[in-house]
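A.B. asks: Right, I'll just put the structure down here and ask away after.
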Amino acid sequence: MENLLAPIQGFLNCETPDAWVAEAVKKENLAVLLTDHLICELKAAQSAMFLIRRYAVDVDSATALLDWLKPYEDFTYRQIGDWRELEKFKLNKSMLVKSGSRYGQDLVDKMVMLIREELHHFYQVLEMMNNYGVVYEKIESSRYAKGLLRHVKTHEPDALIDKLICGAYIEARSCERFAKIAPFLDQEIGNFYVSLLRSEARHYQDYLTLAQDIAKGDITERIAYFGEMEAELITSPDEDFKFHSGVPNF
């Protein structure tokens, strides 16, 4: 595990504050922790889908992606469907890069793999919720992702590069927090969170690699900038407790 965490800890500008860990491991916060984690998995899949639909794939591929995620979105946002049926929904179409796209198959392949893994994690979190008697209820998202994305540039390709850097920070922070709280949670949940570390660690690296490949230049300054913004969100007072929230202030 240390081999996975070392580069992540080097990438992030700060560790998760102990005050957040203390709040996260309280038994009364388990439902919120798992529910927000569930929603984060779906949002990660949606973000990856948005990137390849907007920048890379043809119309038929874009439609297939929407159809793939729809049952998960129906369950999460409209509470339609049985969660036990979700894993049967697969992407059965090859993704084709649209004519004239500046972005190649590598972007598509990495993001499709990420979507598959995030949706599988989504299902696994639902299994965990079921095991612990946590009934799914909609909750509001935290300030975290919006707080990062509001700094994204508005012109291309810089906007895409910034979004990929944000994706890297979100995945890296998720990985760091799984490792932080796993030893203090019930063993079944702790083991589950440790099992997620490998894929989450690869996701952050994939996002960074794509950002660097698309930029074709030095993006160190933008990475550092978003690192500062991310650390500010993590270490500043936060009146809301969620998986990516800041220092509890309530």
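Letters for chains follow the order of the structure tokens (A, B, ...), residue numbers begin at 1 for each chain, and ligand numbers begin at 1 in the order shown.
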In range 55-108 of chain A, what's helix (DSSP H, G or I) per DSSP? Answer as a VMD selection string?

C.D. replies: chain A and resid 55 59 to 78 83 to 88 105 to 108

A.B. asks: With range 127-135 of chain A as the partner and 9 Å as the cut-off, tabulate the residues of range 11-87 of chain A that qualify, each row holding the nearest pair of atoms and their distance in Å to one decimal, using only C-alpha atoms, sorted by chain and rising number, as a tab-separated table.

C.D. replies:
residue	atom	partner	partner_atom	distance
A:Leu30	CA	A:Val134	CA	8.3
A:Ala31	CA	A:Val134	CA	5.8
A:Leu34	CA	A:Met129	CA	6.8
A:Thr35	CA	A:Met129	CA	7.9
A:Trp83	CA	A:Glu127	CA	8.9
A:Arg84	CA	A:Glu127	CA	8.5

A.B. asks: Phe184 in chain A: which residues within 10 Å, counting only C-alpha atoms, same-chain residues fewer than 5 positions away excluded, as a list in words?

C.D. replies: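 Returned residues: Val21, Ala22, Ala24, Val25, Lys26, Ala179, Ile189 and Gly190 of chain A.
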
A.B. asks: Find, counting only C-alpha atoms, the residue in A:Leu38, A:Val125, A:Leu33, A:Ala224 that gets nearest to Glu188 in chain A.

C.D. replies: A:Val125

A.B. asks: Which neighbours of Thr209 in chain A fall inside 10 Å, counting only C-alpha atoms, when residues of the same chain fewer than 3 positions from it are skipped, and could you give them as a ChimeraX atom specification?

C.D. replies: /A:107,164-165,168,203-206,212-215

A.B. asks: Report as JSON, numbers by chain all protein, DNA and RNA residues lying within 9 Å of range 68-75 of chain A, evaluated on only C-alpha atoms, omitting residues in the same chain fewer than 5 positions from it.

C.D. replies: {"A": [42, 45, 46, 49, 63, 80, 81, 82, 83, 86, 89, 90, 91, 92, 119, 122]}

A.B. asks: Separation of CA of Ser141 in chain A and CA of Glu85 in chain A, in Å?

C.D. replies: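 Taking CA of Ser141 in chain A and CA of Glu85 in chain A, their separation equals 24.8 Å.
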
A.B. asks: For Asp109 in chain A, list every protein, DNA or RNA residue within 12 Å, evaluated using only C-alpha atoms, and leave out those in the same chain fewer than 4 positions away; present the list as a PyMOL selection string.

C.D. replies: chain A and resi 48-49+51-52+56-57+94-97+103-105+113-116+206-207+210

A.B. asks: Output the selection as a PDB file, in the first residue's frame - N, CA, C and O atoms for each residue.

C.D. replies:
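As a result, again_16.pdb now contains:
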ATOM      1  N   ALA A  48     -16.122  11.611 -16.611  1.00  0.00           N
ATOM      2  CA  ALA A  48     -15.354  10.954 -17.667  1.00  0.00           C
ATOM      3  C   ALA A  48     -16.188  10.835 -18.941  1.00  0.00           C
ATOM      4  O   ALA A  48     -15.689  11.054 -20.050  1.00  0.00           O
ATOM      5  N   MET A  49     -17.470  10.499 -18.774  1.00  0.00           N
ATOM      6  CA  MET A  49     -18.355  10.403 -19.932  1.00  0.00           C
ATOM      7  C   MET A  49     -18.492  11.751 -20.632  1.00  0.00           C
ATOM      8  O   MET A  49     -18.442  11.849 -21.860  1.00  0.00           O
ATOM      9  N   LEU A  51     -16.376  14.186 -20.753  1.00  0.00           N
ATOM     10  CA  LEU A  51     -15.153  14.522 -21.475  1.00  0.00           C
ATOM     11  C   LEU A  51     -15.093  13.838 -22.839  1.00  0.00           C
ATOM     12  O   LEU A  51     -14.791  14.481 -23.843  1.00  0.00           O
ATOM     13  N   ILE A  52     -15.369  12.543 -22.879  1.00  0.00           N
ATOM     14  CA  ILE A  52     -15.239  11.868 -24.171  1.00  0.00           C
ATOM     15  C   ILE A  52     -16.417  12.165 -25.096  1.00  0.00           C
ATOM     16  O   ILE A  52     -16.260  12.199 -26.313  1.00  0.00           O
ATOM     17  N   ALA A  56     -14.350  13.771 -27.936  1.00  0.00           N
ATOM     18  CA  ALA A  56     -13.674  12.693 -28.654  1.00  0.00           C
ATOM     19  C   ALA A  56     -14.535  11.788 -29.534  1.00  0.00           C
ATOM     20  O   ALA A  56     -14.094  11.397 -30.601  1.00  0.00           O
ATOM     21  N   VAL A  57     -15.734  11.382 -29.089  1.00  0.00           N
ATOM     22  CA  VAL A  57     -16.415  10.291 -29.796  1.00  0.00           C
ATOM     23  C   VAL A  57     -17.493  10.787 -30.763  1.00  0.00           C
ATOM     24  O   VAL A  57     -17.961  11.925 -30.668  1.00  0.00           O
ATOM     25  N   SER A  94     -18.411  -0.434 -29.392  1.00  0.00           N
ATOM     26  CA  SER A  94     -17.063   0.118 -29.465  1.00  0.00           C
ATOM     27  C   SER A  94     -17.139   1.630 -29.623  1.00  0.00           C
ATOM     28  O   SER A  94     -17.972   2.148 -30.375  1.00  0.00           O
ATOM     29  N   MET A  95     -16.300   2.326 -28.911  1.00  0.00           N
ATOM     30  CA  MET A  95     -16.282   3.785 -28.986  1.00  0.00           C
ATOM     31  C   MET A  95     -15.429   4.239 -30.168  1.00  0.00           C
ATOM     32  O   MET A  95     -14.259   3.852 -30.291  1.00  0.00           O
ATOM     33  N   LEU A  96     -16.011   5.033 -31.043  1.00  0.00           N
ATOM     34  CA  LEU A  96     -15.310   5.515 -32.230  1.00  0.00           C
ATOM     35  C   LEU A  96     -14.991   6.995 -32.091  1.00  0.00           C
ATOM     36  O   LEU A  96     -15.852   7.799 -31.727  1.00  0.00           O
ATOM     37  N   VAL A  97     -13.752   7.346 -32.375  1.00  0.00           N
ATOM     38  CA  VAL A  97     -13.341   8.751 -32.321  1.00  0.00           C
ATOM     39  C   VAL A  97     -13.984   9.484 -33.481  1.00  0.00           C
ATOM     40  O   VAL A  97     -13.969   9.025 -34.625  1.00  0.00           O
ATOM     41  N   TYR A 103      -8.426  14.866 -30.321  1.00  0.00           N
ATOM     42  CA  TYR A 103      -8.079  13.973 -29.224  1.00  0.00           C
ATOM     43  C   TYR A 103      -8.267  12.530 -29.658  1.00  0.00           C
ATOM     44  O   TYR A 103      -9.256  12.183 -30.292  1.00  0.00           O
ATOM     45  N   GLY A 104      -7.317  11.701 -29.309  1.00  0.00           N
ATOM     46  CA  GLY A 104      -7.285  10.365 -29.883  1.00  0.00           C
ATOM     47  C   GLY A 104      -7.895   9.274 -29.043  1.00  0.00           C
ATOM     48  O   GLY A 104      -8.568   9.501 -28.036  1.00  0.00           O
ATOM     49  N   GLN A 105      -7.601   8.046 -29.486  1.00  0.00           N
ATOM     50  CA  GLN A 105      -8.177   6.856 -28.880  1.00  0.00           C
ATOM     51  C   GLN A 105      -7.725   6.676 -27.439  1.00  0.00           C
ATOM     52  O   GLN A 105      -8.437   6.091 -26.628  1.00  0.00           O
ATOM     53  N   MET A 113     -12.467   2.893 -19.533  1.00  0.00           N
ATOM     54  CA  MET A 113     -12.048   2.005 -18.451  1.00  0.00           C
ATOM     55  C   MET A 113     -12.385   2.614 -17.091  1.00  0.00           C
ATOM     56  O   MET A 113     -12.870   1.922 -16.188  1.00  0.00           O
ATOM     57  N   LEU A 114     -12.157   3.927 -16.963  1.00  0.00           N
ATOM     58  CA  LEU A 114     -12.471   4.595 -15.706  1.00  0.00           C
ATOM     59  C   LEU A 114     -13.965   4.513 -15.406  1.00  0.00           C
ATOM     60  O   LEU A 114     -14.361   4.224 -14.276  1.00  0.00           O
ATOM     61  N   ILE A 115     -14.804   4.752 -16.415  1.00  0.00           N
ATOM     62  CA  ILE A 115     -16.260   4.683 -16.213  1.00  0.00           C
ATOM     63  C   ILE A 115     -16.656   3.280 -15.748  1.00  0.00           C
ATOM     64  O   ILE A 115     -17.440   3.133 -14.804  1.00  0.00           O
ATOM     65  N   ARG A 116     -16.123   2.262 -16.409  1.00  0.00           N
ATOM     66  CA  ARG A 116     -16.444   0.881 -16.019  1.00  0.00           C
ATOM     67  C   ARG A 116     -16.110   0.646 -14.545  1.00  0.00           C
ATOM     68  O   ARG A 116     -16.895   0.058 -13.801  1.00  0.00           O
ATOM     69  N   ASP A 206      -3.747   8.438 -14.798  1.00  0.00           N
ATOM     70  CA  ASP A 206      -4.298   8.518 -16.158  1.00  0.00           C
ATOM     71  C   ASP A 206      -4.718   9.940 -16.489  1.00  0.00           C
ATOM     72  O   ASP A 206      -4.447  10.442 -17.598  1.00  0.00           O
ATOM     73  N   TYR A 207      -5.387  10.601 -15.558  1.00  0.00           N
ATOM     74  CA  TYR A 207      -5.806  11.984 -15.786  1.00  0.00           C
ATOM     75  C   TYR A 207      -4.591  12.887 -16.032  1.00  0.00           C
ATOM     76  O   TYR A 207      -4.589  13.716 -16.944  1.00  0.00           O
ATOM     77  N   LEU A 210      -2.955  12.154 -19.499  1.00  0.00           N
ATOM     78  CA  LEU A 210      -3.750  12.727 -20.586  1.00  0.00           C
ATOM     79  C   LEU A 210      -3.571  14.238 -20.661  1.00  0.00           C
ATOM     80  O   LEU A 210      -3.433  14.806 -21.741  1.00  0.00           O
TER      81      LEU A 210
END

A.B. asks: Name all residues at most 9 Å from Lys93 in chain A (count only C-alpha atoms; drop same-chain ones fewer than 6 positions away) and give them as an MDAnalysis selection string.

C.D. replies: chainID A and resid 61 64:65

A.B. asks: Go through A:Leu126, A:Ala44, A:Leu208, A:Leu5 one by one, measure the shortest atom-to-atom distance of each to Thr220 in chain A using only C-alpha atoms, and give the residue with the smallest value.

C.D. replies: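 Answer, going by the shortest atom-to-atom distance: A:Leu208.
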
A.B. asks: Quick check, in Å to one decimal: how far apart do CA of Asp238 in chain A and CA of Ala6 in chain A lie?

C.D. replies: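 Interatomic distance, CA of Asp238 in chain A to CA of Ala6 in chain A: 27.1 Å.
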